[in-house]
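Participant: So here's protein23.txt (compact mmCIF, C-alpha atoms).
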```txt
# COMPACT_ATOMS: atom_id res chain seq x y z
CA MET A 50 0.00 0.00 0.00
CA LYS A 51 1.26 3.47 -0.77
CA THR A 52 0.57 5.84 2.09
CA PRO A 53 4.41 5.39 2.72
CA ARG A 54 16.22 14.69 11.11
CA PHE A 55 18.94 13.04 10.08
CA LEU A 56 21.25 11.14 12.42
CA PRO A 57 25.03 11.42 12.18
CA PHE A 58 26.40 9.31 9.40
CA VAL A 59 29.58 7.36 8.84
CA ALA A 60 31.34 6.31 5.68
CA VAL A 61 30.39 2.85 4.50
CA ALA A 62 32.63 0.21 2.92
CA LEU A 63 32.17 -0.97 -0.61
CA ALA A 64 30.12 -3.85 0.74
CA LEU A 65 28.32 -3.66 4.07
CA THR A 66 27.10 -7.00 5.39
CA ALA A 67 24.05 -6.64 7.64
CA CYS A 68 21.54 -9.05 9.10
CA GLY A 69 18.44 -6.87 9.52
CA THR A 70 15.53 -7.88 11.68
CA GLY A 71 11.85 -7.26 11.11
CA SER A 72 10.54 -3.93 12.28
CA GLY A 73 6.78 -4.28 12.43
CA ASP A 74 4.02 -4.79 9.92
CA ARG A 75 2.81 -2.23 7.48
CA SER A 76 -0.70 -1.68 8.76
CA SER A 77 -3.71 -0.24 6.94
CA ALA A 78 -5.42 3.04 7.76
CA SER A 79 -8.83 3.84 6.35
CA THR A 80 -7.78 7.39 5.54
CA SER A 81 -4.58 6.39 3.76
CA PRO A 82 -4.27 6.01 -0.05
CA ALA A 83 -3.14 2.55 -1.13
CA PRO A 84 -1.62 2.51 -4.61
CA VAL A 85 1.41 0.30 -4.02
CA SER A 86 1.72 -3.03 -2.23
CA PRO A 87 4.46 -5.54 -2.98
CA ILE A 88 3.16 -8.82 -1.57
CA PRO A 89 5.23 -11.05 0.73
CA THR A 90 6.53 -14.33 -0.61
CA THR A 91 8.91 -16.94 0.72
CA SER A 92 9.85 -18.46 -2.63
CA ILE A 93 13.45 -17.67 -3.58
CA THR A 94 15.15 -19.11 -6.64
CA SER A 95 18.73 -20.27 -6.06
CA SER A 96 21.43 -19.84 -8.68
CA PRO A 97 25.18 -20.42 -8.94
CA LEU A 98 25.72 -16.81 -9.98
CA PRO A 99 28.83 -15.27 -8.38
CA PRO A 100 28.48 -12.15 -6.22
CA PRO A 101 28.28 -8.92 -8.23
CA PRO A 102 31.53 -6.97 -8.46
CA PRO A 103 31.99 -4.19 -5.91
CA PRO A 104 31.51 -0.57 -6.99
CA ALA A 105 34.44 0.95 -8.86
CA SER A 106 34.71 3.51 -6.05
CA PRO A 107 33.03 3.82 -2.65
CA PRO A 108 29.56 5.35 -2.96
CA PRO A 109 29.06 8.80 -1.41
CA THR A 110 27.49 8.91 2.05
CA MET A 111 25.53 12.16 1.88
CA GLY A 112 23.92 14.53 -0.60
CA PRO A 113 22.90 18.19 -0.23
CA ALA A 114 19.38 19.54 -0.19
CA THR A 115 18.18 20.53 -3.66
CA SER A 116 14.86 21.28 -5.34
CA SER A 117 14.57 17.58 -6.24
CA CYS A 118 15.86 16.25 -2.88
CA VAL A 119 14.36 18.72 -0.47
CA HIS A 120 16.12 17.61 2.72
CA GLY A 121 19.17 15.98 1.20
CA TRP A 122 20.09 12.38 1.96
CA VAL A 123 22.50 10.42 4.16
CA THR A 124 23.79 6.87 4.48
CA PRO A 125 22.77 5.63 7.95
CA PRO A 126 25.58 4.20 10.11
CA ALA A 127 25.95 0.44 9.56
CA GLY A 128 24.20 -1.50 12.31
CA SER A 129 22.07 1.45 13.43
CA PRO A 130 18.26 1.05 13.64
CA ARG A 131 17.89 3.33 10.62
CA PHE A 132 20.19 0.99 8.68
CA THR A 133 18.70 -2.35 9.78
CA GLN A 134 15.01 -1.34 9.73
CA PRO A 135 14.62 -1.32 5.93
CA LEU A 136 16.57 -4.59 5.65
CA GLY A 137 14.05 -6.23 7.96
CA ILE A 138 11.22 -4.98 5.74
CA ILE A 139 12.93 -6.40 2.65
CA ARG A 140 13.38 -9.74 4.43
CA ARG A 141 9.75 -9.88 5.48
CA THR A 142 8.46 -8.97 2.04
CA THR A 143 10.68 -11.19 -0.10
CA GLY A 144 11.45 -14.07 2.24
CA VAL A 145 15.19 -13.83 1.61
CA GLN A 146 17.32 -15.47 4.29
CA GLY A 147 20.91 -15.17 5.47
CA PRO A 148 23.22 -12.14 5.49
CA LEU A 149 22.49 -9.26 3.13
CA VAL A 150 25.40 -7.41 1.56
CA VAL A 151 24.48 -3.74 1.17
CA THR A 152 26.49 -1.97 -1.51
CA ASP A 153 24.61 1.34 -1.29
CA MET A 154 21.96 2.87 0.99
CA ARG A 155 20.40 6.32 1.15
CA TYR A 156 17.89 7.65 3.66
CA PHE A 157 15.77 10.70 2.80
CA THR A 158 12.43 12.29 3.67
CA GLY A 159 9.82 14.18 1.71
CA PRO A 160 6.12 14.51 0.89
CA GLU A 161 3.64 11.87 -0.18
CA SER A 162 2.86 11.03 -3.80
CA PRO A 163 0.26 12.15 -4.73
CA PRO A 164 0.35 15.22 -2.46
CA SER A 165 -1.78 14.99 0.67
CA GLN A 166 -2.87 17.50 3.30
CA GLN A 167 -3.19 14.80 5.94
CA GLY A 168 -0.74 15.62 8.69
CA TYR A 169 0.59 12.08 8.99
CA LEU A 170 1.40 12.04 5.25
CA LEU A 171 3.23 15.35 5.03
CA GLU A 172 6.58 13.65 5.57
CA VAL A 173 7.39 10.12 4.42
CA GLU A 174 10.63 8.36 5.34
CA ARG A 175 12.26 6.56 2.41
CA TRP A 176 15.30 4.37 1.83
CA TYR A 177 17.06 3.52 -1.41
CA ILE A 178 19.06 0.28 -1.11
CA ARG A 179 21.18 -1.80 -3.49
CA LEU A 180 22.03 -5.24 -2.08
CA TYR A 181 22.47 -8.96 -2.68
CA ALA A 182 22.14 -12.06 -0.52
CA GLN A 183 25.51 -13.39 0.61
CA ASP A 184 24.33 -17.02 0.57
CA ASP A 185 22.46 -16.71 -2.73
CA PRO A 186 24.01 -13.96 -4.92
CA ALA A 187 21.27 -14.58 -7.52
CA PHE A 188 19.07 -12.62 -5.12
CA ARG A 189 20.18 -9.11 -5.98
CA GLY A 190 18.30 -5.90 -6.61
CA ARG A 191 17.58 -2.29 -5.81
CA PHE A 192 14.77 -1.44 -3.43
CA ILE A 193 12.74 1.57 -2.27
CA VAL A 194 11.35 1.18 1.25
CA GLU A 195 8.84 3.65 2.69
CA ALA A 196 7.69 4.33 6.25
CA ARG A 197 4.67 6.34 7.37
CA ARG A 198 3.11 6.89 10.77
CA PHE A 199 0.58 4.11 10.14
CA GLY A 200 2.68 1.65 8.18
CA ARG A 201 5.85 0.80 6.36
CA GLY A 202 6.71 -1.49 3.49
CA LEU A 203 8.60 -2.22 0.31
CA ALA A 204 7.36 0.18 -2.36
CA ALA A 205 9.31 -0.79 -5.50
CA VAL A 206 12.08 -3.00 -6.83
CA ALA A 207 14.50 -2.70 -9.77
CA PRO A 208 17.20 -4.94 -11.28
CA TYR A 209 20.56 -4.71 -9.52
CA ASP A 210 22.49 -3.40 -12.53
CA THR A 211 20.16 -0.48 -13.32
CA HIS A 212 20.84 3.10 -12.31
CA GLY A 213 18.99 6.19 -11.11
CA PHE A 214 15.21 6.51 -11.05
CA ARG A 215 14.21 5.61 -14.59
CA SER A 216 11.33 3.96 -16.39
CA PRO A 217 10.80 1.05 -16.90
CA ASP A 218 13.39 -0.16 -14.36
CA TRP A 219 11.35 0.38 -11.20
CA ILE A 220 8.38 -1.92 -10.68
CA GLY A 221 5.62 -1.67 -8.08
CA PHE A 222 3.02 -4.36 -7.44
CA GLN A 223 -0.68 -3.63 -7.00
CA TYR A 224 -2.53 -6.23 -4.94
CA ASP A 225 -4.98 -8.31 -6.99
CA SER A 226 -7.31 -10.58 -5.02
CA ALA A 227 -8.14 -12.46 -8.24
CA ASP A 228 -4.52 -13.51 -8.77
CA THR A 229 -2.41 -14.28 -5.72
CA THR A 230 0.04 -16.64 -7.42
CA PRO A 231 3.64 -15.46 -6.95
CA LYS A 232 5.51 -14.97 -10.22
CA ALA A 233 9.12 -14.40 -11.17
CA TYR A 234 10.07 -11.37 -13.30
CA PRO A 235 13.27 -11.05 -15.36
CA GLY A 236 15.96 -9.19 -13.45
CA LEU A 237 14.00 -8.98 -10.20
CA PRO A 238 14.89 -10.99 -7.09
CA GLY A 239 12.41 -13.45 -5.64
CA MET A 240 8.80 -13.89 -6.75
CA TRP A 241 5.97 -11.39 -6.52
CA GLU A 242 2.20 -11.34 -6.21
CA GLY A 243 -0.03 -8.69 -7.71
CA LYS A 244 -0.12 -6.66 -10.89
CA PRO A 245 3.21 -5.07 -11.85
CA TYR A 246 3.21 -1.44 -12.94
CA ASP A 247 5.71 1.28 -13.81
CA PHE A 248 6.58 2.89 -10.47
CA VAL A 249 8.29 5.82 -12.19
CA LYS A 250 5.43 6.88 -14.47
CA GLY A 251 2.46 5.24 -12.78
CA GLY A 252 0.15 2.74 -14.40
CA GLY A 253 -2.29 -0.01 -13.60
CA GLY A 254 -4.95 2.59 -12.87
CA LEU A 255 -2.49 4.91 -11.10
CA ASP A 256 -1.90 8.24 -12.83
CA PHE A 257 0.86 9.58 -10.56
CA PRO A 258 4.53 8.62 -10.06
CA GLY A 259 5.69 6.56 -7.13
CA LEU A 260 8.06 9.30 -5.94
CA PRO A 261 7.16 13.00 -5.84
CA ALA A 262 9.28 15.54 -7.72
CA GLU A 263 10.64 16.79 -4.39
CA VAL A 264 12.66 13.59 -3.79
CA VAL A 265 13.42 12.00 -7.17
CA GLY A 266 16.82 13.71 -7.15
CA CYS A 267 17.76 11.77 -4.00
CA LEU A 268 18.47 8.83 -6.34
CA ASP A 269 20.77 10.82 -8.65
CA GLY A 270 24.06 9.01 -9.13
CA THR A 271 22.85 5.64 -7.90
```
As structure tokens, what does this structure read like?
Facilitator:
Amino acid sequence: MKTPRFLPFVAVALALTACGTGSGDRSSASTSPAPVSPIPTTSITSSPLPPPPPPASPPPTMGPATSSCVHGWVTPPAGSPRFTQPLGIIRRTTGVQGPLVVTDMRYFTGPESPPSQQGYLLEVERWYIRLYAQDDPAFRGRFIVEARRFGRGLAAVAPYDTHGFRSPDWIGFQYDSADTTPKAYPGLPGMWEGKPYDFVKGGGGLDFPGLPAEVVGCLDGT
């Protein structure tokens, strides 16, 4: 569902291995819009693929405030609650097990998409994460996790080797009660329920982008 301050930061290594734990369910609120809802699955396809190569240079750990990233962004310190919380959400949603190797993470805040005057939707916490599973490197991808006062969850997923916030890389999944069979999608880790749609442009009955213009720049350079 889509209804989805900075702490001090520290530089991160090229690959940060973290075992996140769950951080609560993403609950429903009757007053909250619900355009996006990746559905949990525990089916993971194993593969002998080797781990992806590390970045050519260490990723930056902070970005300034701009018109397209209104509060700037930071990389949370490894092992901190702000670092492990989104990993727990990814685990719960995808069913992936074992250590997760994080090669990039950004935390940023901004308004809801579409805009809302509801007080609890004026500021949404978001994470951008690129990672792979240490025990199953075939599980690799880029993720956007969102947290709101009344819920948190995995908003979109993209193939590991894509960059920035571009269509058609980022996929969201709209819950469909008529089809709850998990399916695999080329380039995406795990298996997913629901109707896929373009998270960048909208689609599947949604006529607004998954991220508002005020934060799309927080993914520049990823």
Participant: Rounded to one decimal in Å, what is the spacing between CA of Pro208 in chain A and CA of Ile220 in chain A?
Facilitator: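 Those two atoms sit 9.3 Å apart.
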Participant: Measuring between all atoms listed in the file, which one of A:Pro108, A:Gly213, A:Pro186, A:Pro125 shows the shortest distance to Asp269 in chain A?
Facilitator: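 Among the listed residues, A:Gly213 lies closest to Asp269 in chain A.
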Participant: May I ask for the distance between CA of Leu171 in chain A and CA of Arg197 in chain A, given in Å to one decimal place?
Facilitator: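 About the pair CA of Leu171 in chain A and CA of Arg197 in chain A: they are 9.4 Å apart.
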Participant: Would you compute the distance between CA of Phe188 in chain A and CA of Ser226 in chain A? Give it in Å to one decimal.
Facilitator: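 Computing the Euclidean distance for CA of Phe188 in chain A and CA of Ser226 in chain A yields 26.5 Å.
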Participant: Determine, counting only C-alpha atoms, which protein, DNA and RNA residues have an atom within 10 Å of an atom of Gly266 in chain A; residues of the same chain fewer than 4 positions away are not included. Present the result as a list of chain:residue names.
Facilitator: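 Skipping anything fewer than 4 positions along the chain leaves A:Gly112, A:Ala114, A:Thr115, A:Ser116, A:Ser117, A:Cys118, A:Val119, A:Gly121, A:Trp122, A:Gly213, A:Phe214, A:Leu260, A:Pro261, A:Ala262, A:Gly270.
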Participant: Looking at all atoms listed in the file, which of A:Leu268, A:Met111, A:Val150, A:Ile178 is the one that sits closest to Leu203 in chain A?
Facilitator: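 Using all atoms listed in the file, Leu203 in chain A sits closest to A:Ile178.
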